[in-house]
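entry.pdb (PDB, C-alpha atoms, pLDDT in the B column) appears below.
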MODEL        1
ATOM      1  CA  MET A   1     -87.792 -27.494 154.806  1.00 90.00           C
ATOM      2  CA  ASN A   2     -84.381 -25.974 154.270  1.00 93.00           C
ATOM      3  CA  GLU A   3     -81.729 -25.408 156.919  1.00 95.00           C
ATOM      4  CA  HIS A   4     -83.532 -22.197 157.943  1.00 97.00           C
ATOM      5  CA  GLY A   5     -86.820 -23.964 158.609  1.00 96.00           C
ATOM      6  CA  GLN A   6     -88.420 -22.454 155.509  1.00 96.00           C
ATOM      7  CA  PRO A   7     -90.710 -24.494 153.226  1.00 97.00           C
ATOM      8  CA  ILE A   8     -89.192 -25.023 149.771  1.00 95.00           C
ATOM      9  CA  GLY A   9     -90.145 -26.913 146.614  1.00 95.00           C
ATOM     10  CA  LEU A  10     -89.331 -30.536 145.973  1.00 94.00           C
ATOM     11  CA  PRO A  11     -86.025 -31.236 144.210  1.00 94.00           C
ATOM     12  CA  VAL A  12     -86.163 -31.666 140.427  1.00 95.00           C
ATOM     13  CA  THR A  13     -84.932 -35.143 139.604  1.00 92.00           C
ATOM     14  CA  CYS A  14     -85.031 -35.006 135.797  1.00 93.00           C
ATOM     15  CA  ALA A  15     -82.136 -33.621 133.809  1.00 97.00           C
ATOM     16  CA  LEU A  16     -82.598 -30.083 132.503  1.00 97.00           C
ATOM     17  CA  PRO A  17     -82.794 -28.682 129.925  1.00 98.00           C
ATOM     18  CA  ARG A  18     -85.167 -31.097 128.210  1.00 98.00           C
ATOM     19  CA  PRO A  19     -84.846 -31.618 124.443  1.00 98.00           C
ATOM     20  CA  ARG A  20     -86.631 -29.132 122.229  1.00 98.00           C
ATOM     21  CA  PRO A  21     -89.591 -30.707 120.367  1.00 97.00           C
ATOM     22  CA  ALA A  22     -88.675 -31.740 116.853  1.00 97.00           C
ATOM     23  CA  HIS A  23     -90.973 -30.238 114.222  1.00 97.00           C
ATOM     24  CA  ILE A  24     -91.921 -33.544 112.617  1.00 97.00           C
ATOM     25  CA  PRO A  25     -95.165 -35.274 111.586  1.00 98.00           C
ATOM     26  CA  LEU A  26     -97.109 -36.949 114.401  1.00 98.00           C
ATOM     27  CA  ALA A  27     -99.613 -39.643 113.471  1.00 97.00           C
ATOM     28  CA  GLY A  28    -102.354 -41.402 115.396  1.00 96.00           C
ATOM     29  CA  HIS A  29    -105.412 -43.463 114.509  1.00 94.00           C
ATOM     30  CA  TRP A  30    -107.718 -40.489 113.898  1.00 96.00           C
ATOM     31  CA  ALA A  31    -105.427 -37.513 113.339  1.00 97.00           C
ATOM     32  CA  THR A  32    -102.155 -36.623 111.684  1.00 98.00           C
ATOM     33  CA  LEU A  33    -100.224 -33.470 112.507  1.00 98.00           C
ATOM     34  CA  THR A  34     -97.770 -32.195 109.922  1.00 98.00           C
ATOM     35  CA  PRO A  35     -95.622 -29.064 110.049  1.00 98.00           C
ATOM     36  CA  THR A  36     -97.663 -26.287 108.439  1.00 98.00           C
ATOM     37  CA  ARG A  37     -96.483 -25.419 104.946  1.00 98.00           C
ATOM     38  CA  GLU A  38     -97.495 -22.869 102.341  1.00 98.00           C
ATOM     39  CA  SER A  39     -99.025 -25.717 100.330  1.00 98.00           C
ATOM     40  CA  ASP A  40    -101.656 -26.162 103.093  1.00 98.00           C
ATOM     41  CA  ALA A  41    -103.213 -22.765 102.360  1.00 98.00           C
ATOM     42  CA  GLN A  42    -106.043 -23.880 100.071  1.00 98.00           C
ATOM     43  CA  GLY A  43    -107.042 -26.757 102.348  1.00 98.00           C
ATOM     44  CA  LEU A  44    -107.166 -24.502 105.397  1.00 98.00           C
ATOM     45  CA  LEU A  45    -109.072 -21.807 103.515  1.00 98.00           C
ATOM     46  CA  ASP A  46    -111.667 -24.375 102.428  1.00 98.00           C
ATOM     47  CA  ALA A  47    -111.973 -25.751 105.967  1.00 98.00           C
ATOM     48  CA  PHE A  48    -112.523 -22.383 107.616  1.00 98.00           C
ATOM     49  CA  ALA A  49    -114.996 -21.336 104.906  1.00 97.00           C
ATOM     50  CA  GLU A  50    -117.467 -23.688 106.644  1.00 95.00           C
ATOM     51  CA  ASP A  51    -117.653 -21.089 109.418  1.00 95.00           C
ATOM     52  CA  THR A  52    -119.903 -18.721 107.493  1.00 94.00           C
ATOM     53  CA  SER A  53    -120.524 -16.493 110.528  1.00 95.00           C
ATOM     54  CA  GLY A  54    -116.811 -15.955 111.204  1.00 94.00           C
ATOM     55  CA  LYS A  55    -117.268 -16.550 114.930  1.00 95.00           C
ATOM     56  CA  GLY A  56    -114.363 -18.993 114.972  1.00 96.00           C
ATOM     57  CA  TRP A  57    -111.995 -16.040 114.479  1.00 97.00           C
ATOM     58  CA  THR A  58    -113.259 -13.955 117.413  1.00 97.00           C
ATOM     59  CA  TYR A  59    -110.617 -15.002 119.941  1.00 97.00           C
ATOM     60  CA  LEU A  60    -107.728 -15.304 117.483  1.00 97.00           C
ATOM     61  CA  PRO A  61    -105.340 -12.402 116.868  1.00 95.00           C
ATOM     62  CA  ASP A  62    -105.963 -12.700 113.113  1.00 95.00           C
ATOM     63  CA  ALA A  63    -108.792 -11.263 111.052  1.00 95.00           C
ATOM     64  CA  PRO A  64    -110.898 -13.791 109.090  1.00 96.00           C
ATOM     65  CA  TRP A  65    -109.317 -14.870 105.839  1.00 97.00           C
ATOM     66  CA  ILE A  66    -111.202 -13.701 102.771  1.00 95.00           C
ATOM     67  CA  SER A  67    -108.880 -14.947 100.046  1.00 97.00           C
ATOM     68  CA  LEU A  68    -106.251 -17.520  99.196  1.00 98.00           C
ATOM     69  CA  ALA A  69    -103.693 -14.739  99.529  1.00 98.00           C
ATOM     70  CA  ASP A  70    -104.642 -14.356 103.213  1.00 98.00           C
ATOM     71  CA  ALA A  71    -104.291 -18.087 103.830  1.00 98.00           C
ATOM     72  CA  THR A  72    -101.010 -18.250 101.934  1.00 98.00           C
ATOM     73  CA  ALA A  73     -99.536 -15.333 103.890  1.00 98.00           C
ATOM     74  CA  PHE A  74    -100.420 -17.039 107.166  1.00 98.00           C
ATOM     75  CA  CYS A  75     -99.013 -20.405 106.084  1.00 98.00           C
ATOM     76  CA  ARG A  76     -95.828 -18.751 104.870  1.00 98.00           C
ATOM     77  CA  MET A  77     -95.437 -17.112 108.287  1.00 98.00           C
ATOM     78  CA  ALA A  78     -96.193 -20.399 110.070  1.00 98.00           C
ATOM     79  CA  GLN A  79     -93.726 -22.286 107.907  1.00 97.00           C
ATOM     80  CA  GLY A  80     -90.907 -19.998 109.033  1.00 96.00           C
ATOM     81  CA  SER A  81     -91.871 -19.844 112.722  1.00 98.00           C
ATOM     82  CA  ALA A  82     -89.949 -21.827 115.340  1.00 97.00           C
ATOM     83  CA  ASP A  83     -92.083 -20.560 118.256  1.00 98.00           C
ATOM     84  CA  PRO A  84     -95.024 -20.881 117.787  1.00 98.00           C
ATOM     85  CA  MET A  85     -94.375 -24.193 116.023  1.00 98.00           C
ATOM     86  CA  PHE A  86     -97.404 -24.732 113.795  1.00 98.00           C
ATOM     87  CA  TYR A  87     -99.008 -28.032 112.806  1.00 98.00           C
ATOM     88  CA  THR A  88    -101.746 -28.653 110.256  1.00 98.00           C
ATOM     89  CA  VAL A  89    -104.382 -31.180 111.333  1.00 98.00           C
ATOM     90  CA  THR A  90    -105.675 -33.758 108.863  1.00 98.00           C
ATOM     91  CA  ASP A  91    -108.227 -36.511 109.450  1.00 95.00           C
ATOM     92  CA  ARG A  92    -108.081 -40.186 108.473  1.00 93.00           C
ATOM     93  CA  ALA A  93    -109.167 -39.332 104.931  1.00 94.00           C
ATOM     94  CA  GLY A  94    -106.300 -36.848 104.605  1.00 95.00           C
ATOM     95  CA  VAL A  95    -108.604 -33.831 104.690  1.00 97.00           C
ATOM     96  CA  ILE A  96    -107.137 -30.672 106.212  1.00 98.00           C
ATOM     97  CA  SER A  97    -109.380 -29.335 108.977  1.00 97.00           C
ATOM     98  CA  GLY A  98    -107.395 -26.893 111.095  1.00 98.00           C
ATOM     99  CA  PHE A  99    -104.134 -25.961 112.768  1.00 98.00           C
ATOM    100  CA  LEU A 100    -102.616 -25.631 116.233  1.00 98.00           C
ATOM    101  CA  SER A 101     -99.185 -24.937 117.664  1.00 98.00           C
ATOM    102  CA  LEU A 102     -96.658 -25.480 120.397  1.00 98.00           C
ATOM    103  CA  LEU A 103     -95.426 -22.178 121.787  1.00 98.00           C
ATOM    104  CA  ARG A 104     -93.562 -20.624 124.700  1.00 98.00           C
ATOM    105  CA  ILE A 105     -91.266 -23.622 124.486  1.00 98.00           C
ATOM    106  CA  ASP A 106     -88.899 -23.514 127.470  1.00 98.00           C
ATOM    107  CA  PRO A 107     -86.560 -26.534 127.543  1.00 98.00           C
ATOM    108  CA  GLY A 108     -84.700 -25.010 130.503  1.00 98.00           C
ATOM    109  CA  VAL A 109     -87.572 -25.748 132.875  1.00 98.00           C
ATOM    110  CA  GLY A 110     -89.401 -28.352 130.778  1.00 98.00           C
ATOM    111  CA  SER A 111     -92.488 -26.240 130.053  1.00 98.00           C
ATOM    112  CA  VAL A 112     -94.490 -25.784 126.843  1.00 98.00           C
ATOM    113  CA  GLU A 113     -97.899 -24.452 125.804  1.00 98.00           C
ATOM    114  CA  VAL A 114    -100.449 -25.568 123.231  1.00 98.00           C
ATOM    115  CA  GLY A 115    -102.215 -22.653 121.611  1.00 97.00           C
ATOM    116  CA  TYR A 116    -103.035 -20.678 118.477  1.00 97.00           C
ATOM    117  CA  ILE A 117    -105.691 -23.325 117.871  1.00 98.00           C
ATOM    118  CA  HIS A 118    -108.139 -22.944 115.007  1.00 98.00           C
ATOM    119  CA  PHE A 119    -110.332 -25.917 114.148  1.00 97.00           C
ATOM    120  CA  ALA A 120    -112.932 -25.884 111.380  1.00 97.00           C
ATOM    121  CA  PRO A 121    -116.501 -26.636 112.512  1.00 95.00           C
ATOM    122  CA  ARG A 122    -116.269 -30.198 111.182  1.00 94.00           C
ATOM    123  CA  LEU A 123    -113.233 -30.854 113.403  1.00 95.00           C
ATOM    124  CA  GLN A 124    -114.577 -29.531 116.685  1.00 93.00           C
ATOM    125  CA  ARG A 125    -115.504 -32.068 119.385  1.00 89.00           C
ATOM    126  CA  THR A 126    -114.376 -35.039 117.288  1.00 93.00           C
ATOM    127  CA  PRO A 127    -111.898 -37.838 118.017  1.00 94.00           C
ATOM    128  CA  THR A 128    -109.604 -36.205 115.449  1.00 96.00           C
ATOM    129  CA  ALA A 129    -109.532 -32.976 117.463  1.00 96.00           C
ATOM    130  CA  THR A 130    -108.963 -34.806 120.740  1.00 95.00           C
ATOM    131  CA  GLU A 131    -106.188 -36.921 119.276  1.00 97.00           C
ATOM    132  CA  ALA A 132    -104.492 -33.800 117.898  1.00 98.00           C
ATOM    133  CA  ILE A 133    -104.130 -32.552 121.482  1.00 98.00           C
ATOM    134  CA  PHE A 134    -103.154 -36.031 122.694  1.00 97.00           C
ATOM    135  CA  LEU A 135    -100.357 -36.319 120.126  1.00 98.00           C
ATOM    136  CA  LEU A 136     -98.731 -33.108 121.363  1.00 98.00           C
ATOM    137  CA  LEU A 137     -99.193 -34.064 125.010  1.00 98.00           C
ATOM    138  CA  SER A 138     -97.624 -37.454 124.388  1.00 98.00           C
ATOM    139  CA  GLN A 139     -94.699 -36.034 122.423  1.00 98.00           C
ATOM    140  CA  CYS A 140     -93.853 -33.482 125.115  1.00 98.00           C
ATOM    141  CA  LEU A 141     -94.693 -35.324 128.356  1.00 98.00           C
ATOM    142  CA  ASP A 142     -93.930 -38.924 127.345  1.00 98.00           C
ATOM    143  CA  ASP A 143     -91.199 -38.702 124.732  1.00 98.00           C
ATOM    144  CA  LEU A 144     -89.371 -35.551 125.810  1.00 98.00           C
ATOM    145  CA  GLY A 145     -89.949 -35.607 129.573  1.00 98.00           C
ATOM    146  CA  TYR A 146     -91.445 -32.122 129.910  1.00 98.00           C
ATOM    147  CA  ARG A 147     -92.753 -31.242 133.351  1.00 98.00           C
ATOM    148  CA  ARG A 148     -95.552 -28.840 132.442  1.00 98.00           C
ATOM    149  CA  PHE A 149     -97.959 -28.409 129.516  1.00 98.00           C
ATOM    150  CA  GLU A 150    -100.011 -25.211 129.433  1.00 98.00           C
ATOM    151  CA  TRP A 151    -103.261 -24.034 127.857  1.00 98.00           C
ATOM    152  CA  LYS A 152    -104.167 -20.332 127.894  1.00 98.00           C
ATOM    153  CA  CYS A 153    -107.110 -18.484 126.387  1.00 98.00           C
ATOM    154  CA  ASP A 154    -109.173 -15.322 126.573  1.00 98.00           C
ATOM    155  CA  ALA A 155    -111.056 -15.603 129.860  1.00 98.00           C
ATOM    156  CA  LEU A 156    -114.272 -14.773 127.955  1.00 98.00           C
ATOM    157  CA  ASN A 157    -113.784 -17.696 125.552  1.00 98.00           C
ATOM    158  CA  ALA A 158    -116.140 -20.152 127.247  1.00 97.00           C
ATOM    159  CA  PRO A 159    -115.738 -22.967 124.660  1.00 95.00           C
ATOM    160  CA  SER A 160    -111.935 -22.895 125.022  1.00 97.00           C
ATOM    161  CA  ARG A 161    -112.154 -22.945 128.810  1.00 97.00           C
ATOM    162  CA  ALA A 162    -114.541 -25.897 128.657  1.00 96.00           C
ATOM    163  CA  ALA A 163    -112.276 -27.726 126.202  1.00 95.00           C
ATOM    164  CA  ALA A 164    -109.243 -27.238 128.448  1.00 97.00           C
ATOM    165  CA  GLN A 165    -111.010 -28.888 131.364  1.00 96.00           C
ATOM    166  CA  ARG A 166    -112.463 -31.641 129.199  1.00 94.00           C
ATOM    167  CA  PHE A 167    -108.925 -32.431 128.020  1.00 95.00           C
ATOM    168  CA  GLY A 168    -107.746 -32.676 131.640  1.00 95.00           C
ATOM    169  CA  PHE A 169    -106.046 -29.309 132.173  1.00 98.00           C
ATOM    170  CA  ALA A 170    -106.447 -27.849 135.648  1.00 98.00           C
ATOM    171  CA  PRO A 171    -107.522 -24.192 136.019  1.00 98.00           C
ATOM    172  CA  GLU A 172    -104.854 -21.981 137.577  1.00 98.00           C
ATOM    173  CA  GLY A 173    -106.588 -18.598 137.623  1.00 98.00           C
ATOM    174  CA  VAL A 174    -107.055 -15.488 135.493  1.00 98.00           C
ATOM    175  CA  PHE A 175    -104.409 -12.876 134.707  1.00 98.00           C
ATOM    176  CA  ARG A 176    -106.299  -9.590 134.379  1.00 98.00           C
ATOM    177  CA  ASN A 177    -105.441  -7.117 131.607  1.00 98.00           C
ATOM    178  CA  ALA A 178    -102.806  -9.584 130.469  1.00 98.00           C
ATOM    179  CA  THR A 179    -102.577  -8.444 126.873  1.00 97.00           C
ATOM    180  CA  VAL A 180    -104.243  -6.505 124.063  1.00 98.00           C
ATOM    181  CA  TYR A 181    -105.410  -7.870 120.717  1.00 96.00           C
ATOM    182  CA  LYS A 182    -107.656  -6.538 117.996  1.00 96.00           C
ATOM    183  CA  GLY A 183    -107.755  -3.286 119.943  1.00 96.00           C
ATOM    184  CA  ARG A 184    -109.362  -4.811 123.014  1.00 97.00           C
ATOM    185  CA  SER A 185    -108.160  -5.878 126.438  1.00 98.00           C
ATOM    186  CA  ARG A 186    -107.772  -9.541 127.262  1.00 98.00           C
ATOM    187  CA  ASP A 187    -107.891 -11.245 130.626  1.00 98.00           C
ATOM    188  CA  THR A 188    -106.098 -14.573 130.189  1.00 98.00           C
ATOM    189  CA  ALA A 189    -107.322 -17.797 131.789  1.00 98.00           C
ATOM    190  CA  TRP A 190    -104.500 -20.201 132.620  1.00 98.00           C
ATOM    191  CA  PHE A 191    -104.750 -23.995 132.629  1.00 98.00           C
ATOM    192  CA  ALA A 192    -101.985 -26.573 132.902  1.00 98.00           C
ATOM    193  CA  MET A 193    -101.197 -30.250 133.131  1.00 98.00           C
ATOM    194  CA  THR A 194     -98.100 -31.520 134.946  1.00 98.00           C
ATOM    195  CA  ASP A 195     -96.175 -34.682 134.239  1.00 97.00           C
ATOM    196  CA  GLY A 196     -97.718 -36.144 137.384  1.00 96.00           C
ATOM    197  CA  ASP A 197    -101.241 -35.280 136.221  1.00 97.00           C
ATOM    198  CA  TRP A 198    -100.502 -36.906 132.873  1.00 97.00           C
ATOM    199  CA  GLN A 199     -99.835 -40.287 134.429  1.00 96.00           C
ATOM    200  CA  ASP A 200    -103.464 -40.389 135.593  1.00 94.00           C
ATOM    201  CA  ILE A 201    -104.967 -38.718 132.512  1.00 95.00           C
ATOM    202  CA  ARG A 202    -103.146 -40.597 129.769  1.00 96.00           C
ATOM    203  CA  PRO A 203    -105.072 -43.894 130.224  1.00 94.00           C
ATOM    204  CA  ARG A 204    -108.341 -41.977 129.859  1.00 93.00           C
ATOM    205  CA  TYR A 205    -107.217 -40.620 126.494  1.00 93.00           C
ATOM    206  CA  ALA A 206    -106.155 -44.084 125.350  1.00 93.00           C
ATOM    207  CA  ALA A 207    -109.506 -45.600 126.347  1.00 93.00           C
ATOM    208  CA  TRP A 208    -111.558 -42.786 124.796  1.00 93.00           C
ATOM    209  CA  LEU A 209    -109.633 -42.728 121.520  1.00 93.00           C
ATOM    210  CA  SER A 210    -109.923 -46.488 121.060  1.00 92.00           C
ATOM    211  CA  PRO A 211    -112.022 -47.299 117.954  1.00 91.00           C
ATOM    212  CA  GLU A 212    -114.094 -49.587 120.210  1.00 92.00           C
ATOM    213  CA  ASN A 213    -115.375 -46.478 122.010  1.00 93.00           C
ATOM    214  CA  PHE A 214    -117.255 -45.341 118.893  1.00 91.00           C
ATOM    215  CA  ASP A 215    -120.343 -46.815 117.281  1.00 88.00           C
ATOM    216  CA  ASP A 216    -120.836 -47.381 113.564  1.00 84.00           C
ATOM    217  CA  LYS A 217    -122.009 -43.769 113.200  1.00 80.00           C
ATOM    218  CA  GLY A 218    -118.851 -42.440 114.833  1.00 82.00           C
ATOM    219  CA  GLN A 219    -120.620 -41.440 118.048  1.00 87.00           C
ATOM    220  CA  GLN A 220    -118.777 -41.853 121.338  1.00 89.00           C
ATOM    221  CA  ILE A 221    -119.933 -44.569 123.722  1.00 90.00           C
ATOM    222  CA  LYS A 222    -118.192 -43.128 126.788  1.00 89.00           C
ATOM    223  CA  ARG A 223    -117.220 -39.515 127.390  1.00 88.00           C
ATOM    224  CA  LEU A 224    -113.537 -38.711 127.879  1.00 89.00           C
ATOM    225  CA  GLN A 225    -114.113 -37.778 131.517  1.00 83.00           C
ATOM    226  CA  ASP A 226    -115.867 -41.127 132.097  1.00 85.00           C
ATOM    227  CA  CYS A 227    -113.018 -43.232 130.742  1.00 85.00           C
ATOM    228  CA  GLY A 228    -110.372 -44.672 132.978  1.00 70.00           C
TER
ENDMDL
END
Go through the file and emit its structure as structure tokens.
Amino acid sequence: MNEHGQPIGLPVTCALPRPRPAHIPLAGHWATLTPTRESDAQGLLDAFAEDTSGKGWTYLPDAPWISLADATAFCRMAQGSADPMFYTVTDRAGVISGFLSLLRIDPGVGSVEVGYIHFAPRLQRTPTATEAIFLLLSQCLDDLGYRRFEWKCDALNAPSRAAAQRFGFAPEGVFRNATVYKGRSRDTAWFAMTDGDWQDIRPRYAAWLSPENFDDKGQQIKRLQDCG
């Protein structure tokens, strides 16, 4: 309560602004994130070619790539972008399998979003994909002291909504008619994880990502939500 008897938020004890994330490689056991470069174009084109139906592009603002020129133009844009800040995802064998980004970076309040995610079919629901998200969470919430980490998606994108909750993001509602893309209206579903949430969630990631949690065929022994 303040001096007027009105309820107010808790005081912020961390120093603001927080540092801006450095656009540097991030490496784990399963995944490596490197700043997206024009030289990644062929690898990304090959990865997304596995999606022969093109359904992986439905909820992205971009049209499906049909040529190396398309991939190169995107990578050239990503290479020069500070927000979104794009990363290319590679697996333990060094194979490129997708990209994702940090965006809406707001050091003044310690808030950042993960988005513009496009994973090839071979990357989806793998430890490499999970660790890619973990590496960004750890960089922002552990190393840089951010207070809030967001995930937003088209409210009709059921796989993205399910992934957000599997990764530990809490649903915060739907913003109706929030934007327009590809000539159609988008309601945006909001999810977020706070620094306080992360303290409980981080050990689950560490336990799930441990090599001991996978059998000799690479199948998980425990689900992420069952680890603790």
Resolved residues for the PyMOL selection byres ((chain A and resi 185) around 12) as an MDAnalysis selection string: chainID A and resid 59 61 154:156 175:184 186:188
Ground truth for the PyMOL selection byres ((chain A and resi 112) around 10), written as a VMD selection string: chain A and resid 20 to 21 102 to 107 109 to 111 113 to 115 137 140 to 141 146 to 151 192
Minimum-distance residue to Asp143 in chain A, chosen among A:Asp195, A:Trp65, A:His118, A:Ile8 (using all atoms listed in the file):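 Comparing A:Asp195, A:Trp65, A:His118, A:Ile8 against Asp143 in chain A, the winner is A:Asp195.
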Between CA of Ala120 in chain A and CA of Asp51 in chain A - distance in Å to one decimal: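 Separation between CA of Asp51 in chain A and CA of Ala120 in chain A: 7.0 Å.
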Output of the PyMOL selection byres ((chain A and resi 27) around 12), listed as JSON, numbers by chain: {"A": [24, 25, 26, 28, 29, 30, 31, 32, 33, 34, 35, 87, 88, 89, 90, 91, 92, 94, 128, 131, 132, 133, 134, 135, 136, 138, 139]}
CA of Ser101 in chain A to CA of Phe86 in chain A, distance in Å rounded to a single decimal: 4.3 Å
Some atoms are missing, so please complete range 157-166 of chain A with all heavy atoms and return it as a short mmCIF file (atom, residue, chain, number, x, y, z; two decimals), in the coordinates of the input.
data_model
loop_
_atom_site.label_atom_id
_atom_site.label_comp_id
_atom_site.auth_asym_id
_atom_site.auth_seq_id
_atom_site.Cartn_x
_atom_site.Cartn_y
_atom_site.Cartn_z
N ASN A 157 -113.59 -16.65 126.55
CA ASN A 157 -113.78 -17.70 125.55
C ASN A 157 -114.27 -18.97 126.25
O ASN A 157 -113.49 -19.88 126.56
CB ASN A 157 -112.47 -17.94 124.80
CG ASN A 157 -112.63 -18.89 123.64
OD1 ASN A 157 -113.67 -19.54 123.48
ND2 ASN A 157 -111.60 -19.00 122.82
N ALA A 158 -115.57 -19.04 126.49
CA ALA A 158 -116.14 -20.15 127.25
C ALA A 158 -115.89 -21.51 126.59
O ALA A 158 -115.57 -22.48 127.29
CB ALA A 158 -117.63 -19.92 127.46
N PRO A 159 -116.02 -21.65 125.26
CA PRO A 159 -115.74 -22.97 124.66
C PRO A 159 -114.30 -23.43 124.88
O PRO A 159 -114.05 -24.62 125.11
CB PRO A 159 -116.04 -22.74 123.17
CG PRO A 159 -117.03 -21.64 123.15
CD PRO A 159 -116.60 -20.72 124.27
N SER A 160 -113.33 -22.51 124.81
CA SER A 160 -111.94 -22.90 125.02
C SER A 160 -111.70 -23.30 126.47
O SER A 160 -110.97 -24.27 126.75
CB SER A 160 -111.00 -21.75 124.64
OG SER A 160 -109.65 -22.15 124.75
N ARG A 161 -112.30 -22.58 127.40
CA ARG A 161 -112.15 -22.94 128.81
C ARG A 161 -112.76 -24.32 129.08
O ARG A 161 -112.18 -25.14 129.81
CB ARG A 161 -112.80 -21.88 129.69
CG ARG A 161 -112.10 -20.54 129.62
CD ARG A 161 -112.73 -19.50 130.52
NE ARG A 161 -112.47 -19.78 131.93
CZ ARG A 161 -112.47 -18.85 132.88
NH1 ARG A 161 -112.71 -17.59 132.58
NH2 ARG A 161 -112.20 -19.17 134.13
N ALA A 162 -113.91 -24.59 128.48
CA ALA A 162 -114.54 -25.90 128.66
C ALA A 162 -113.69 -27.00 128.03
O ALA A 162 -113.54 -28.09 128.62
CB ALA A 162 -115.94 -25.88 128.04
N ALA A 163 -113.12 -26.73 126.86
CA ALA A 163 -112.28 -27.73 126.20
C ALA A 163 -111.05 -28.04 127.04
O ALA A 163 -110.66 -29.21 127.18
CB ALA A 163 -111.87 -27.22 124.82
N ALA A 164 -110.43 -27.01 127.62
CA ALA A 164 -109.24 -27.24 128.45
C ALA A 164 -109.55 -28.21 129.57
O ALA A 164 -108.77 -29.14 129.85
CB ALA A 164 -108.74 -25.91 129.00
N GLN A 165 -110.68 -28.02 130.23
CA GLN A 165 -111.01 -28.89 131.36
C GLN A 165 -111.44 -30.27 130.89
O GLN A 165 -111.14 -31.27 131.55
CB GLN A 165 -112.06 -28.21 132.23
CG GLN A 165 -111.49 -26.96 132.90
CD GLN A 165 -112.41 -26.35 133.94
OE1 GLN A 165 -113.22 -25.48 133.64
NE2 GLN A 165 -112.29 -26.81 135.16
N ARG A 166 -112.12 -30.33 129.75
CA ARG A 166 -112.46 -31.64 129.20
C ARG A 166 -111.20 -32.43 128.87
O ARG A 166 -111.14 -33.65 129.10
CB ARG A 166 -113.30 -31.47 127.93
CG ARG A 166 -113.58 -32.77 127.19
CD ARG A 166 -114.43 -32.58 125.95
NE ARG A 166 -114.54 -33.81 125.19
CZ ARG A 166 -113.71 -34.17 124.22
NH1 ARG A 166 -112.70 -33.36 123.88
NH2 ARG A 166 -113.86 -35.32 123.60
#
